[in-house]
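Asker: Provided below: final.tsv, containing TSV, C-alpha atoms.
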chain	number	residue	atom	x	y	z
K	231	MET	CA	118.27	95.34	-29.84
K	232	GLU	CA	115.49	92.76	-30.30
K	233	TYR	CA	116.00	90.37	-33.21
K	234	LYS	CA	113.12	90.33	-35.71
K	235	GLN	CA	112.44	87.28	-37.84
K	236	GLU	CA	112.38	88.15	-41.53
K	237	ILE	CA	109.74	87.15	-44.06
K	238	LEU	CA	110.35	87.58	-47.79
K	239	ILE	CA	107.36	88.40	-50.00
K	240	VAL	CA	108.07	87.77	-53.68
K	241	ALA	CA	105.34	89.11	-55.95
K	242	GLU	CA	104.97	89.02	-59.71
K	243	LYS	CA	104.33	92.74	-59.36
K	244	THR	CA	104.21	94.55	-56.04
K	245	GLY	CA	100.79	96.03	-55.49
K	246	PHE	CA	98.01	96.57	-52.98
K	247	LEU	CA	97.65	92.93	-51.88
K	248	SER	CA	101.35	92.23	-51.34
K	249	ARG	CA	101.78	95.52	-49.45
K	250	ALA	CA	98.69	94.85	-47.34
K	251	ILE	CA	99.98	91.40	-46.29
K	252	ALA	CA	103.39	92.91	-45.56
K	253	GLU	CA	101.81	95.49	-43.27
K	254	GLN	CA	99.77	92.82	-41.51
K	255	LEU	CA	102.85	90.63	-40.92
K	256	GLU	CA	104.74	93.63	-39.58
K	257	LYS	CA	101.99	94.00	-36.97
K	258	TYR	CA	102.96	90.52	-35.75
K	259	GLY	CA	106.51	91.77	-35.27
K	260	TYR	CA	108.18	90.44	-38.42
K	261	GLU	CA	110.70	92.24	-40.57
K	262	VAL	CA	109.23	92.04	-44.09
K	263	THR	CA	111.13	92.39	-47.36
K	264	LEU	CA	108.97	92.90	-50.44
K	265	THR	CA	110.47	92.28	-53.86
K	266	GLU	CA	109.33	91.51	-57.38
K	267	LEU	CA	109.79	88.17	-59.16
K	268	ASP	CA	112.81	89.42	-61.05
K	269	MET	CA	116.22	87.73	-61.18
K	270	GLN	CA	118.23	90.88	-60.47
K	271	LYS	CA	116.05	91.79	-57.50
K	272	LEU	CA	116.13	88.21	-56.17
K	273	PHE	CA	119.94	88.26	-56.34
K	274	GLU	CA	119.92	91.32	-54.09
K	275	VAL	CA	118.13	89.39	-51.33
K	276	GLN	CA	121.09	87.75	-49.59
K	277	GLU	CA	119.98	87.03	-46.05
K	278	SER	CA	118.39	83.83	-44.88
K	279	VAL	CA	114.71	84.37	-44.12
K	280	GLU	CA	112.18	82.68	-41.87
K	281	ALA	CA	109.59	82.17	-44.62
K	282	VAL	CA	108.80	83.08	-48.22
K	283	LEU	CA	105.38	84.21	-49.44
K	284	LEU	CA	105.17	83.84	-53.22
K	285	TYR	CA	102.44	85.68	-55.11
K	286	VAL	CA	102.09	84.83	-58.81
K	287	GLU	CA	98.97	85.77	-60.81
K	288	ASN	CA	99.99	84.24	-64.16
K	289	GLU	CA	101.33	80.77	-65.00
K	290	ILE	CA	104.45	79.68	-63.12
K	291	GLN	CA	106.04	78.62	-66.43
K	292	SER	CA	106.34	82.30	-67.32
K	293	TYR	CA	108.92	82.62	-64.52
K	294	THR	CA	110.74	79.28	-64.66
K	295	GLN	CA	114.23	80.74	-64.20
K	296	GLU	CA	113.18	82.89	-61.25
K	297	ILE	CA	111.21	80.08	-59.57
K	298	LEU	CA	114.13	77.65	-59.99
K	299	TYR	CA	116.49	80.15	-58.36
K	300	LEU	CA	114.04	80.66	-55.51
K	301	ARG	CA	113.58	76.89	-55.20
K	302	ASP	CA	117.30	76.31	-54.78
K	303	LYS	CA	117.40	78.90	-51.99
K	304	VAL	CA	114.42	77.58	-50.04
K	305	VAL	CA	115.44	73.92	-50.39
K	306	GLU	CA	119.04	74.61	-49.36
K	307	GLU	CA	117.93	76.55	-46.26
K	308	ASP	CA	114.77	74.49	-45.56
K	309	THR	CA	112.64	77.64	-45.75
K	310	PRO	CA	108.84	77.23	-45.72
K	311	VAL	CA	106.95	78.65	-48.70
K	312	PHE	CA	103.41	80.08	-48.67
K	313	PHE	CA	101.73	80.65	-52.03
K	314	ILE	CA	99.10	82.94	-53.51
K	315	GLY	CA	98.16	82.19	-57.11
K	316	GLU	CA	96.28	79.90	-59.47
K	317	ASP	CA	99.05	77.62	-60.76
K	318	ILE	CA	99.62	75.50	-57.63
K	319	ARG	CA	100.24	72.36	-59.72
K	320	GLY	CA	102.93	74.15	-61.70
K	321	LEU	CA	104.56	75.32	-58.47
K	322	ARG	CA	104.49	71.80	-56.97
K	323	GLY	CA	106.21	70.57	-60.11
K	324	ILE	CA	109.18	72.82	-59.29
K	325	ILE	CA	109.29	73.27	-55.50
K	326	PRO	CA	109.09	70.09	-53.34
K	327	GLU	CA	105.67	69.69	-51.74
K	328	HIS	CA	107.04	69.45	-48.21
K	329	ILE	CA	108.40	73.01	-48.58
K	330	ILE	CA	104.98	74.46	-49.59
K	331	LYS	CA	103.11	74.94	-46.31
K	332	GLU	CA	99.94	76.75	-47.34
K	333	PHE	CA	98.08	77.74	-50.51
K	334	PHE	CA	95.91	80.84	-50.17
K	335	GLU	CA	93.07	80.98	-52.68
K	336	ARG	CA	91.89	84.30	-54.06
K	337	PRO	CA	90.16	86.46	-53.03
K	338	VAL	CA	92.69	86.53	-50.20
K	339	ASP	CA	91.74	87.57	-46.69
K	340	VAL	CA	94.87	89.48	-45.66
K	341	LYS	CA	94.31	89.14	-41.91
K	342	VAL	CA	93.57	85.41	-42.08
K	343	SER	CA	96.59	84.74	-44.32
K	344	ALA	CA	98.97	86.68	-42.07
K	345	LYS	CA	97.62	84.94	-38.98
K	346	LYS	CA	98.13	81.49	-40.56
K	347	ILE	CA	101.73	82.34	-41.46
K	348	ASP	CA	102.38	83.66	-37.95
K	349	SER	CA	100.77	80.58	-36.34
K	350	TYR	CA	102.90	78.22	-38.43
K	351	LEU	CA	106.14	80.03	-37.66
K	352	LYS	CA	105.41	80.14	-33.94
K	353	LEU	CA	105.03	76.36	-33.93
K	354	TYR	CA	107.49	75.21	-36.58
K	355	GLY	CA	109.70	78.15	-37.55
K	356	LYS	CA	113.45	77.93	-37.88
K	357	HIS	CA	113.85	79.69	-34.54
K	358	VAL	CA	112.01	76.75	-32.94
K	359	LYS	CA	113.67	73.82	-34.69
K	360	LYS	CA	117.28	72.95	-33.97
K	361	LYS	CA	119.53	73.24	-37.01
K	362	ILE	CA	121.50	70.24	-38.34
K	363	LEU	CA	124.07	70.57	-41.13
K	364	VAL	CA	124.43	67.29	-43.06
K	365	VAL	CA	127.63	66.96	-45.10
K	366	ASP	CA	128.02	64.16	-47.65
K	367	ASP	CA	129.13	63.94	-51.27
K	368	SER	CA	126.26	61.56	-52.08
K	369	GLY	CA	123.03	63.24	-53.14
K	370	ALA	CA	121.09	60.07	-52.33
K	371	VAL	CA	122.43	60.02	-48.76
K	372	LEU	CA	121.65	63.72	-48.28
K	373	ARG	CA	118.07	63.26	-49.46
K	374	SER	CA	117.58	60.21	-47.24
K	375	VAL	CA	118.96	61.86	-44.10
K	376	LYS	CA	116.88	64.97	-44.75
K	377	ALA	CA	113.73	62.84	-45.05
K	378	TRP	CA	114.50	61.11	-41.73
K	379	LEU	CA	115.17	64.31	-39.79
K	380	GLU	CA	113.21	67.20	-41.32
K	381	GLU	CA	110.00	66.70	-39.34
K	382	LYS	CA	111.81	67.52	-36.08
K	383	TYR	CA	114.82	69.53	-37.22
K	384	GLN	CA	115.81	72.20	-39.68
K	385	VAL	CA	118.11	70.31	-42.05
K	386	ILE	CA	120.71	72.07	-44.19
K	387	LEU	CA	122.54	70.07	-46.86
K	388	ALA	CA	126.13	70.41	-48.07
K	389	ASN	CA	127.44	68.07	-50.79
K	390	SER	CA	131.11	68.75	-50.12
K	391	GLY	CA	133.50	69.68	-47.35
K	392	ALA	CA	134.16	73.00	-49.07
K	393	MET	CA	130.44	73.83	-49.12
K	394	ALA	CA	130.19	72.95	-45.43
K	395	ILE	CA	133.05	75.29	-44.56
K	396	LYS	CA	131.45	78.08	-46.62
K	397	TYR	CA	128.16	77.59	-44.77
K	398	LEU	CA	129.83	77.56	-41.35
K	399	ALA	CA	131.53	80.86	-42.09
K	400	THR	CA	128.20	82.67	-41.73
K	401	ASN	CA	125.91	80.22	-39.90
K	402	ARG	CA	125.92	78.23	-36.68
K	403	PRO	CA	124.13	74.86	-36.69
K	404	ASP	CA	123.35	72.98	-33.47
K	405	LEU	CA	124.95	69.83	-34.88
K	406	VAL	CA	127.01	68.71	-37.89
K	407	LEU	CA	126.48	65.22	-39.33
K	408	LEU	CA	129.69	64.67	-41.25
K	409	ASP	CA	130.72	62.06	-43.79
K	410	TYR	CA	134.30	60.89	-43.30
K	411	GLU	CA	135.29	60.01	-46.86
K	412	MET	CA	134.74	62.83	-49.38
K	413	PRO	CA	136.82	64.02	-52.35
K	414	VAL	CA	139.02	67.15	-52.16
K	415	VAL	CA	138.08	68.19	-48.59
K	416	ASP	CA	137.26	65.13	-46.48
K	417	GLY	CA	135.59	64.84	-43.08
K	418	ARG	CA	138.88	64.90	-41.20
K	419	GLN	CA	139.85	68.22	-42.79
K	420	VAL	CA	136.44	69.75	-42.10
K	421	LEU	CA	136.58	68.79	-38.42
K	422	GLU	CA	140.20	69.94	-38.03
K	423	MET	CA	139.28	73.29	-39.57
K	424	MET	CA	136.30	73.63	-37.25
K	425	ARG	CA	138.37	72.91	-34.15
K	426	THR	CA	140.94	75.58	-35.05
K	427	GLU	CA	138.39	78.36	-35.62
K	428	MET	CA	137.13	79.99	-32.42
K	429	GLU	CA	133.75	80.94	-33.95
K	430	PHE	CA	132.64	77.34	-34.40
K	431	SER	CA	135.19	75.25	-32.52
K	432	ASN	CA	132.54	74.07	-30.05
K	433	ILE	CA	129.88	73.07	-32.59
K	434	PRO	CA	129.26	69.35	-32.01
K	435	VAL	CA	130.13	66.93	-34.81
K	436	ILE	CA	128.90	63.38	-35.27
K	437	PHE	CA	130.42	61.32	-38.05
K	438	LEU	CA	127.90	59.52	-40.25
K	439	THR	CA	129.92	57.02	-42.27
K	440	SER	CA	129.84	53.65	-43.98
K	441	LYS	CA	133.30	52.65	-42.68
K	442	ASN	CA	132.98	50.14	-39.85
K	443	ASP	CA	136.37	48.43	-39.77
K	444	LYS	CA	138.46	48.84	-36.63
K	445	GLU	CA	141.20	50.92	-38.30
K	446	SER	CA	138.73	53.42	-39.78
K	447	ILE	CA	136.84	53.76	-36.49
K	448	MET	CA	140.09	54.44	-34.61
K	449	LYS	CA	141.08	57.12	-37.15
K	450	VAL	CA	137.72	58.81	-36.76
K	451	MET	CA	137.71	58.69	-32.97
K	452	GLU	CA	141.23	60.16	-32.83
K	453	LEU	CA	139.60	63.40	-34.03
K	454	LYS	CA	137.40	63.37	-30.89
K	455	PRO	CA	134.01	63.93	-32.50
K	456	GLU	CA	130.94	63.85	-30.29
K	457	GLY	CA	129.78	60.63	-31.89
K	458	TYR	CA	130.02	58.05	-34.65
K	459	ILE	CA	127.02	56.55	-36.49
K	460	LEU	CA	127.11	53.99	-39.29
K	461	LYS	CA	125.05	54.76	-42.38
K	462	SER	CA	123.69	51.20	-42.20
K	463	THR	CA	122.01	52.05	-38.88
K	464	PRO	CA	118.18	51.99	-39.18
K	465	PRO	CA	116.76	55.52	-39.72
K	466	LYS	CA	114.66	55.40	-36.55
K	467	GLN	CA	117.75	54.59	-34.50
K	468	ILE	CA	119.73	57.41	-36.14
K	469	LEU	CA	116.95	59.85	-35.27
K	470	GLN	CA	116.78	58.49	-31.73
K	471	GLU	CA	120.53	58.88	-31.21
K	472	ILE	CA	120.41	62.47	-32.47
K	473	ASP	CA	117.40	63.22	-30.24
K	474	ILE	CA	119.23	61.85	-27.20
K	475	PHE	CA	122.40	63.78	-28.01
K	476	LEU	CA	120.69	67.15	-28.57
K	477	THR	CA	118.49	66.70	-25.50
K	478	GLY	CA	121.64	66.04	-23.49
K	479	MET	CA	123.22	69.20	-24.91
K	480	ASP	CA	120.22	71.21	-23.70
K	481	PHE	CA	120.66	69.89	-20.15
K	482	LYS	CA	124.34	70.94	-20.19
K	483	LYS	CA	123.49	74.56	-21.02
Write out the structure in this file as structure tokens.
Answerer:
Amino acid sequence: MEYKQEILIVAEKTGFLSRAIAEQLEKYGYEVTLTELDMQKLFEVQESVEAVLLYVENEIQSYTQEILYLRDKVVEEDTPVFFIGEDIRGLRGIIPEHIIKEFFERPVDVKVSAKKIDSYLKLYGKHVKKKILVVDDSGAVLRSVKAWLEEKYQVILANSGAMAIKYLATNRPDLVLLDYEMPVVDGRQVLEMMRTEMEFSNIPVIFLTSKNDKESIMKVMELKPEGYILKSTPPKQILQEIDIFLTGMDFKK
């Protein structure tokens, strides 16, 4: 059975325009889910999607709770957002600008809009970018690493070992960048758990840590990760090392 990429259309109220765009996207081969901007209905949408098309006619502030929930989902999963509506400034005040890929002004040309979404996903969609899970208890570190990597990779963030394990239970990244020292469930425990579970025992792990003393390095390397990078390493070098590693993985396949 051929896998279809899924696009979620979230409309203030489902109507002719949202259905017309859905039909046009389906012609490009996408699986389209159409739902209203309602908390209960948003909760029912569980699966990760390739893109979100948000259609809001009134002011964004009228739907702050719903938009915040949607924001958390798209930021966590690095999902691109396309927007139809008037209140683009209000939306940018809630959803990070790098997530918003296109603003379609009304009156909307359905065919042009669908084609632009399809063109973007063919070039930059999640199915194209390799997926990197970054695990660190520091929000500042997570934001920094995401900024360094997101242009080339799909970056998923986990602020604890427990969150990383929960993510791995249903997803398979191409690489895990793992902090060694974290409260409750540390990097050692995350890696040990990964190596004992058949489903993700062969997912490569590179430690990204601030510990550079000999004893700490030896402890880390005893776990046999695929690599070890210091957080003090310049961002360009970190990106280069990841590029080299993932390119090498492709040659091994």
Asker: Of the candidates K:Ala241, K:Leu405, K:Val338, K:Val415, which one gets nearest to Lys359 in chain K if we count all atoms listed in the file?
Answerer: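 Looking only at the distances to Lys359 in chain K, the closest residue turns out to be K:Leu405.
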Asker: For Ser462 in chain K, find every residue with an atom within 10 Å (counting only C-alpha atoms), except residues of its own chain fewer than 4 positions away, and show them as a PDB file with C-alpha atoms, keeping the file's coordinate frame.
Answerer:
ATOM      1  CA  LEU K 438     127.900  59.520 -40.250  1.00  0.00           C
ATOM      2  CA  THR K 439     129.920  57.020 -42.270  1.00  0.00           C
ATOM      3  CA  SER K 440     129.840  53.650 -43.980  1.00  0.00           C
ATOM      4  CA  LYS K 441     133.300  52.650 -42.680  1.00  0.00           C
ATOM      5  CA  ASN K 442     132.980  50.140 -39.850  1.00  0.00           C
ATOM      6  CA  ILE K 468     119.730  57.410 -36.140  1.00  0.00           C
TER       7      ILE K 468
END
Asker: So that I can see what lies close to Val358 in chain K, please list as a PyMOL selection string the residues with an atom at most 10 Å from it, counting all atoms listed in the file and leaving out residues fewer than 6 positions away in the same chain.
Answerer: chain K and resi 351-352+382-384
Asker: Interatomic distance between CA of Leu298 in chain K and CA of Lys341 in chain K?
Answerer: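 CA of Leu298 in chain K sits 29.2 Å away from CA of Lys341 in chain K.
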Asker: Give me the residues within 6 Å of range 281-295 of chain K as a VMD selection string, counting only C-alpha atoms and dropping any in the same chain fewer than 5 places off.
Answerer: chain K and resid 237 to 242 309 to 315 317 320
Asker: Mind checking which residues fall within 9 Å of Arg249 in chain K, counting all atoms listed in the file, ignoring those fewer than 5 positions away in the same chain, and posting them as an MDAnalysis selection string?
Answerer: chainID K and resid 244 254 264
Asker: Write the selection just made, keeping C-alpha atoms, as a PDB file, in the frame of the given file?
Answerer:
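Output (again-v2.pdb):
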ATOM      1  CA  THR K 244     104.210  94.550 -56.040  1.00  0.00           C
ATOM      2  CA  GLN K 254      99.770  92.820 -41.510  1.00  0.00           C
ATOM      3  CA  LEU K 264     108.970  92.900 -50.440  1.00  0.00           C
TER       4      LEU K 264
END
Asker: Using all atoms listed in the file, which residues sit within 12 Å of Met412 in chain K once same-chain residues fewer than 3 positions away are excluded, as a list of chain:residue names?
Answerer: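 Once the adjacent positions are removed, what remains is K:Val365, K:Asp366, K:Asp367, K:Ser368, K:Ala388, K:Asn389, K:Ser390, K:Gly391, K:Ala392, K:Met393, K:Ala394, K:Leu408, K:Asp409, K:Val415, K:Asp416, K:Gly417, K:Arg418, K:Gln419, K:Val420, K:Leu438, K:Thr439, K:Ser440.
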